[in-house]
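Pasted below: coords_34.cif, mmCIF, C-alpha atoms.
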```
data_coords
#
loop_
_atom_site.label_atom_id
_atom_site.label_comp_id
_atom_site.auth_asym_id
_atom_site.auth_seq_id
_atom_site.Cartn_x
_atom_site.Cartn_y
_atom_site.Cartn_z
CA VAL A 139 -24.27 -10.27 1.64
CA SER A 140 -25.19 -12.69 -1.09
CA LYS A 141 -24.68 -10.42 -4.12
CA PHE A 142 -22.28 -7.53 -4.68
CA GLY A 143 -22.42 -4.84 -7.32
CA ILE A 144 -18.98 -3.83 -8.56
CA LEU A 145 -18.87 -0.33 -10.00
CA TYR A 146 -15.74 0.90 -11.79
CA THR A 147 -14.41 2.89 -14.74
CA SER A 148 -13.31 0.74 -17.66
CA GLY A 149 -10.60 3.20 -18.71
CA GLU A 150 -8.73 3.20 -15.40
CA VAL A 151 -6.29 0.29 -15.35
CA ASN A 152 -5.92 0.38 -11.56
CA SER A 153 -9.68 0.24 -11.16
CA VAL A 154 -10.06 -2.60 -13.67
CA ASN A 155 -7.30 -4.60 -11.95
CA THR A 156 -8.85 -4.19 -8.52
CA ALA A 157 -12.33 -5.01 -9.85
CA ASN A 158 -10.92 -8.19 -11.41
CA LYS A 159 -9.31 -9.18 -8.11
CA ALA A 160 -12.62 -8.52 -6.35
CA LYS A 161 -14.45 -10.70 -8.88
CA ASP A 162 -11.92 -13.51 -8.40
CA TYR A 163 -12.29 -13.25 -4.62
CA LEU A 164 -16.09 -13.24 -4.72
CA THR A 165 -16.11 -16.20 -7.10
CA SER A 166 -13.77 -18.14 -4.78
CA LYS A 167 -16.20 -17.51 -1.91
CA GLY A 168 -19.28 -18.44 -3.93
CA ILE A 169 -20.67 -14.91 -3.74
CA GLU A 170 -22.58 -13.61 -6.75
CA PHE A 171 -21.78 -10.25 -8.27
CA THR A 172 -22.89 -7.90 -10.99
CA GLU A 173 -20.33 -5.60 -12.52
CA ILE A 174 -20.96 -2.27 -14.14
CA ALA A 175 -18.12 -0.58 -15.96
CA ILE A 176 -18.67 3.06 -16.83
CA THR A 177 -16.71 5.18 -19.27
CA ASN A 178 -17.25 8.68 -17.86
CA SER A 179 -18.68 10.62 -14.93
CA SER A 180 -22.05 11.22 -16.58
CA GLU A 181 -22.80 7.50 -16.18
CA VAL A 182 -22.06 7.18 -12.43
CA GLN A 183 -25.48 7.94 -10.95
CA GLN A 184 -27.38 5.82 -13.46
CA ALA A 185 -24.96 2.93 -12.93
CA ALA A 186 -25.45 3.10 -9.16
CA GLN A 187 -29.23 3.29 -9.57
CA SER A 188 -29.19 0.24 -11.85
CA LEU A 189 -27.74 -1.84 -9.00
CA VAL A 190 -30.55 -0.95 -6.58
CA GLY A 191 -32.86 -3.88 -6.05
CA SER A 192 -30.43 -6.44 -7.41
CA VAL A 193 -27.49 -6.30 -4.97
CA ASP A 194 -27.01 -6.37 -1.21
CA ALA A 195 -23.84 -4.26 -1.24
CA MET A 196 -21.61 -2.37 -3.67
CA PHE A 197 -17.85 -2.29 -4.11
CA VAL A 198 -15.93 0.62 -5.63
CA PRO A 199 -12.17 0.17 -6.23
CA ASN A 200 -9.73 3.10 -6.28
CA ASP A 201 -11.27 5.00 -9.16
CA SER A 202 -10.85 8.72 -9.73
CA VAL A 203 -13.97 9.07 -11.90
CA ILE A 204 -16.26 7.46 -9.34
CA GLN A 205 -14.46 9.17 -6.46
CA ALA A 206 -15.27 12.54 -8.03
CA SER A 207 -18.97 11.53 -8.13
CA MET A 208 -19.07 9.49 -4.92
CA THR A 209 -21.69 11.77 -3.37
CA LEU A 210 -24.11 10.63 -6.10
CA VAL A 211 -23.31 6.96 -5.46
CA SER A 212 -23.61 7.35 -1.69
CA GLU A 213 -26.94 9.18 -1.99
CA VAL A 214 -28.39 6.38 -4.13
CA ALA A 215 -26.97 3.71 -1.82
CA ARG A 216 -28.05 5.38 1.42
CA ASP A 217 -31.60 5.83 0.13
CA ALA A 218 -31.70 2.14 -0.86
CA LYS A 219 -30.01 1.01 2.41
CA ILE A 220 -27.13 -0.56 0.48
CA PRO A 221 -23.63 -0.35 1.99
CA VAL A 222 -20.85 0.73 -0.36
CA TYR A 223 -17.44 -0.75 0.40
CA CYS A 224 -14.41 0.78 -1.25
CA SER A 225 -10.63 0.67 -1.51
CA SER A 226 -9.73 4.00 0.06
CA ALA A 227 -10.42 6.12 3.10
CA THR A 228 -10.94 9.12 0.82
CA THR A 229 -13.93 7.39 -0.75
CA VAL A 230 -15.35 6.69 2.72
CA GLU A 231 -15.02 10.39 3.53
CA SER A 232 -17.03 11.03 0.36
CA GLY A 233 -19.94 8.88 1.56
CA ALA A 234 -19.07 5.20 1.06
CA PHE A 235 -19.81 3.05 4.11
CA ALA A 236 -16.46 1.44 4.90
CA THR A 237 -13.06 0.21 3.83
CA VAL A 238 -10.16 -1.81 5.08
CA ALA A 239 -7.31 0.03 3.42
CA ILE A 240 -3.71 1.02 3.67
CA SER A 241 -3.14 3.31 6.61
CA ASP A 242 -1.73 6.69 5.62
CA LYS A 243 -0.10 6.84 9.07
CA GLY A 244 1.39 3.40 8.46
CA ILE A 245 2.81 4.52 5.13
CA GLY A 246 4.22 7.62 6.79
CA ALA A 247 5.85 5.60 9.57
CA MET A 248 7.42 3.14 7.10
CA SER A 249 8.64 6.00 4.92
CA ALA A 250 10.15 7.75 7.94
CA ASP A 251 11.93 4.52 8.94
CA MET A 252 13.38 4.23 5.43
CA ALA A 253 14.46 7.88 5.48
CA VAL A 254 16.29 7.31 8.77
CA GLN A 255 18.11 4.33 7.23
CA ILE A 256 19.17 6.48 4.28
CA LEU A 257 20.30 9.31 6.58
CA ASP A 258 22.28 6.77 8.59
CA GLY A 259 24.19 5.82 5.43
CA THR A 260 22.28 2.83 4.06
CA ALA A 261 22.24 2.87 0.26
CA VAL A 262 18.75 3.14 -1.20
CA ALA A 263 19.43 -0.04 -3.21
CA ASP A 264 20.02 -1.89 0.08
CA ILE A 265 16.63 -0.99 1.52
CA PRO A 266 14.06 -3.61 0.53
CA ALA A 267 10.78 -2.66 -1.05
CA VAL A 268 7.85 -2.97 1.33
CA VAL A 269 4.26 -3.87 0.61
CA VAL A 270 2.09 -1.93 3.00
CA PRO A 271 -0.73 -4.14 4.28
CA ALA A 272 -4.35 -3.05 4.26
CA SER A 273 -4.99 -2.77 7.98
CA ALA A 274 -6.99 0.38 8.67
CA THR A 275 -10.77 0.00 8.98
CA VAL A 276 -12.50 3.31 8.22
CA ILE A 277 -16.26 3.81 8.59
CA ASN A 278 -18.42 6.78 7.62
CA ASN A 279 -20.61 7.93 10.54
CA GLN A 280 -23.41 9.41 8.41
CA THR A 281 -23.64 6.32 6.23
CA LEU A 282 -23.54 4.04 9.27
CA GLU A 283 -26.48 5.96 10.75
CA ALA A 284 -28.40 6.05 7.44
CA LEU A 285 -28.00 2.30 6.95
CA GLY A 286 -28.84 1.45 10.57
CA ILE A 287 -26.03 -1.09 10.78
CA ALA A 288 -25.06 -2.40 14.22
CA LEU A 289 -21.33 -2.87 14.70
CA SER A 290 -19.61 -5.37 16.95
CA ASP A 291 -17.66 -4.01 19.91
CA ASP A 292 -14.46 -5.18 18.22
CA VAL A 293 -15.16 -3.02 15.17
CA LYS A 294 -16.26 -0.07 17.31
CA ASN A 295 -13.02 -0.25 19.28
CA THR A 296 -10.63 -0.62 16.35
CA ALA A 297 -12.12 1.35 13.46
CA THR A 298 -11.55 4.96 12.57
CA PHE A 299 -14.81 6.86 12.15
CA VAL A 300 -15.07 9.77 9.73
CA ASP A 301 -17.73 12.24 8.70
CA ASP A 302 -18.74 13.21 5.18
CA ALA A 303 -16.23 15.64 3.68
CA GLN A 304 -17.71 19.07 3.30
#
```
Let me see the file written as structure tokens.
Amino acid sequence: VSKFGILYTSGEVNSVNTANKAKDYLTSKGIEFTEIAITNSSEVQQAAQSLVGSVDAMFVPNDSVIQASMTLVSEVARDAKIPVYCSSATTVESGAFATVAISDKGIGAMSADMAVQILDGTAVADIPAVVVPASATVINNQTLEALGIALSDDVKNTATFVDDAQ
């Protein structure tokens, strides 16, 4: 990938922050990008279409507006053979190609461990905060097939594969 399209909602602070981190990362790696910030859901499809022909891949951060319209983004991207990478497994289930994200099972396990500590008498203030690492690779089967991407055996053996949400 030599050029990413970053698609996000300008009014969602979490989305803006993640988009800015993505831009910093891409800049540090010498990868070009085009960003498109939308303001509402009526702009999602047109924004995705405007990236076709000028980017090799798209990135969508955690963004509730785009998530709600992800089927439109994924349709545009699949037709153009452009993978969409995102920040959440939910977005992959809505048609994005892939993510490396926080594992819900990992969060559950860490939360259960903390609950056990509390039940065993440890004060909540004595339990350190934990940053859950992004470690779960999730890939959408339908998008994988539509894009015709070949995966390495390592990815095949470690990723979680999901189908489009119905």
If we count only C-alpha atoms and set the cut-off at 9 Å, which residues sit around stretch 156-164 of chain A, ignoring sequence neighbours fewer than 6 positions away in its own chain? Please answer as JSON, numbers by chain. {"A": [142, 144, 145, 146, 170, 171, 173, 197, 198, 199, 200, 225]}
Would you save the residues of that selection, restricted to C-alpha atoms, as a PDB file, in the frame of the given file?
```pdb
ATOM      1  CA  PHE A 142     -22.280  -7.530  -4.680  1.00  0.00           C
ATOM      2  CA  ILE A 144     -18.980  -3.830  -8.560  1.00  0.00           C
ATOM      3  CA  LEU A 145     -18.870  -0.330 -10.000  1.00  0.00           C
ATOM      4  CA  TYR A 146     -15.740   0.900 -11.790  1.00  0.00           C
ATOM      5  CA  GLU A 170     -22.580 -13.610  -6.750  1.00  0.00           C
ATOM      6  CA  PHE A 171     -21.780 -10.250  -8.270  1.00  0.00           C
ATOM      7  CA  GLU A 173     -20.330  -5.600 -12.520  1.00  0.00           C
ATOM      8  CA  PHE A 197     -17.850  -2.290  -4.110  1.00  0.00           C
ATOM      9  CA  VAL A 198     -15.930   0.620  -5.630  1.00  0.00           C
ATOM     10  CA  PRO A 199     -12.170   0.170  -6.230  1.00  0.00           C
ATOM     11  CA  ASN A 200      -9.730   3.100  -6.280  1.00  0.00           C
ATOM     12  CA  SER A 225     -10.630   0.670  -1.510  1.00  0.00           C
TER      13      SER A 225
END
```
I'd like to see the residues matched by the PyMOL selection byres ((chain A and resi 220) around 8) on this file, and ideally I'd get them as a VMD selection string. chain A and resid 190 193 to 196 215 to 219 221 to 222 285
Atoms kept (C-alpha atoms) for selection, written as a compact mmCIF listing (two decimals), in the frame of the given file:
```txt
# COMPACT_ATOMS: atom_id res chain seq x y z
CA VAL A 190 -30.55 -0.95 -6.58
CA VAL A 193 -27.49 -6.30 -4.97
CA ASP A 194 -27.01 -6.37 -1.21
CA ALA A 195 -23.84 -4.26 -1.24
CA MET A 196 -21.61 -2.37 -3.67
CA ALA A 215 -26.97 3.71 -1.82
CA ARG A 216 -28.05 5.38 1.42
CA ASP A 217 -31.60 5.83 0.13
CA ALA A 218 -31.70 2.14 -0.86
CA LYS A 219 -30.01 1.01 2.41
CA PRO A 221 -23.63 -0.35 1.99
CA VAL A 222 -20.85 0.73 -0.36
CA LEU A 285 -28.00 2.30 6.95
```
Stretch 234-238 of chain A: which residues within 7 Å, counting only C-alpha atoms, same-chain residues fewer than 6 positions away excluded, as a list in words?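 Final neighbour list, sorted by chain and number: Ser212, Pro221, Val222, Tyr223, Cys224, Ser225, Ser226, Ala227, Ala272, Ser273, Ala274, Thr275, Val276, Ile277, Asn278, Thr281 and Leu282 of chain A.
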Hey, can you check how far atom CA of A:Val268 sits from atom CA of A:Val230?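 Those two atoms sit 25.2 Å apart.
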For the atom pair atom CA of A:Gly168 and atom CA of A:Ala239, what is the interatomic distance in Å to one decimal place? 23.2 Å
Exercise: A:Ala185 partners within 9 Å, all atoms listed in the file, chain neighbours under 6 positions left out, as a list in words: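 Using all atoms listed in the file, the neighbours found are Leu145, Ile174, Ala175, Ile176 and Val211 of chain A.
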Missing atoms in stretch 206-240 of chain A: can you complete it with N, CA and C atoms, as a short mmCIF file (atom, residue, chain, number, x, y, z; two decimals), in the frame of the given file?
```
data_model
loop_
_atom_site.label_atom_id
_atom_site.label_comp_id
_atom_site.auth_asym_id
_atom_site.auth_seq_id
_atom_site.Cartn_x
_atom_site.Cartn_y
_atom_site.Cartn_z
N ALA A 206 -14.81 11.17 -7.78
CA ALA A 206 -15.27 12.54 -8.03
C ALA A 206 -16.79 12.65 -7.96
N SER A 207 -17.50 11.54 -8.16
CA SER A 207 -18.97 11.53 -8.13
C SER A 207 -19.50 10.67 -6.99
N MET A 208 -18.68 10.40 -5.99
CA MET A 208 -19.07 9.49 -4.92
C MET A 208 -20.30 9.99 -4.16
N THR A 209 -20.50 11.28 -4.07
CA THR A 209 -21.69 11.77 -3.37
C THR A 209 -22.97 11.28 -4.05
N LEU A 210 -22.95 11.15 -5.38
CA LEU A 210 -24.11 10.63 -6.10
C LEU A 210 -24.32 9.15 -5.78
N VAL A 211 -23.23 8.39 -5.77
CA VAL A 211 -23.31 6.96 -5.46
C VAL A 211 -23.81 6.77 -4.03
N SER A 212 -23.24 7.53 -3.10
CA SER A 212 -23.61 7.35 -1.69
C SER A 212 -25.06 7.76 -1.45
N GLU A 213 -25.54 8.77 -2.14
CA GLU A 213 -26.94 9.18 -1.99
C GLU A 213 -27.88 8.06 -2.45
N VAL A 214 -27.59 7.49 -3.61
CA VAL A 214 -28.39 6.38 -4.13
C VAL A 214 -28.34 5.21 -3.15
N ALA A 215 -27.15 4.87 -2.71
CA ALA A 215 -26.97 3.71 -1.82
C ALA A 215 -27.60 3.92 -0.45
N ARG A 216 -27.44 5.11 0.11
CA ARG A 216 -28.05 5.38 1.42
C ARG A 216 -29.57 5.29 1.33
N ASP A 217 -30.14 5.87 0.29
CA ASP A 217 -31.60 5.83 0.13
C ASP A 217 -32.10 4.39 0.00
N ALA A 218 -31.31 3.53 -0.63
CA ALA A 218 -31.70 2.14 -0.86
C ALA A 218 -31.23 1.22 0.28
N LYS A 219 -30.55 1.79 1.27
CA LYS A 219 -30.01 1.01 2.41
C LYS A 219 -29.03 -0.05 1.95
N ILE A 220 -28.15 0.33 1.01
CA ILE A 220 -27.13 -0.56 0.48
C ILE A 220 -25.76 -0.03 0.90
N PRO A 221 -24.98 -0.81 1.64
CA PRO A 221 -23.63 -0.35 1.99
C PRO A 221 -22.71 -0.36 0.77
N VAL A 222 -21.86 0.65 0.69
CA VAL A 222 -20.85 0.73 -0.36
C VAL A 222 -19.50 0.56 0.31
N TYR A 223 -18.80 -0.50 -0.08
CA TYR A 223 -17.44 -0.75 0.40
C TYR A 223 -16.49 -0.27 -0.68
N CYS A 224 -15.32 0.20 -0.28
CA CYS A 224 -14.41 0.78 -1.25
C CYS A 224 -12.96 0.47 -0.88
N SER A 225 -12.05 0.95 -1.71
CA SER A 225 -10.63 0.67 -1.51
C SER A 225 -9.86 1.78 -0.82
N SER A 226 -10.49 2.90 -0.53
CA SER A 226 -9.73 4.00 0.06
C SER A 226 -10.53 4.77 1.10
N ALA A 227 -9.80 5.30 2.06
CA ALA A 227 -10.42 6.12 3.10
C ALA A 227 -11.02 7.39 2.52
N THR A 228 -10.41 7.91 1.46
CA THR A 228 -10.94 9.12 0.82
C THR A 228 -12.35 8.88 0.30
N THR A 229 -12.60 7.71 -0.24
CA THR A 229 -13.93 7.39 -0.75
C THR A 229 -14.93 7.26 0.40
N VAL A 230 -14.48 6.76 1.54
CA VAL A 230 -15.35 6.69 2.72
C VAL A 230 -15.71 8.10 3.18
N GLU A 231 -14.74 9.00 3.16
CA GLU A 231 -15.02 10.39 3.53
C GLU A 231 -15.98 11.06 2.55
N SER A 232 -16.11 10.49 1.36
CA SER A 232 -17.03 11.03 0.36
C SER A 232 -18.39 10.35 0.40
N GLY A 233 -18.61 9.45 1.38
CA GLY A 233 -19.94 8.88 1.56
C GLY A 233 -20.05 7.38 1.50
N ALA A 234 -19.02 6.66 1.03
CA ALA A 234 -19.07 5.20 1.06
C ALA A 234 -19.16 4.76 2.51
N PHE A 235 -19.63 3.54 2.74
CA PHE A 235 -19.81 3.05 4.11
C PHE A 235 -18.49 2.74 4.79
N ALA A 236 -17.65 1.88 4.18
CA ALA A 236 -16.46 1.44 4.90
C ALA A 236 -15.39 0.91 3.96
N THR A 237 -14.19 0.83 4.52
CA THR A 237 -13.06 0.21 3.83
C THR A 237 -12.12 -0.41 4.85
N VAL A 238 -11.37 -1.36 4.40
CA VAL A 238 -10.16 -1.81 5.08
C VAL A 238 -9.07 -1.49 4.07
N ALA A 239 -8.25 -0.51 4.40
CA ALA A 239 -7.31 0.03 3.42
C ALA A 239 -5.95 0.24 4.04
N ILE A 240 -5.05 0.67 3.22
CA ILE A 240 -3.71 1.02 3.67
C ILE A 240 -3.82 2.25 4.56
#
```
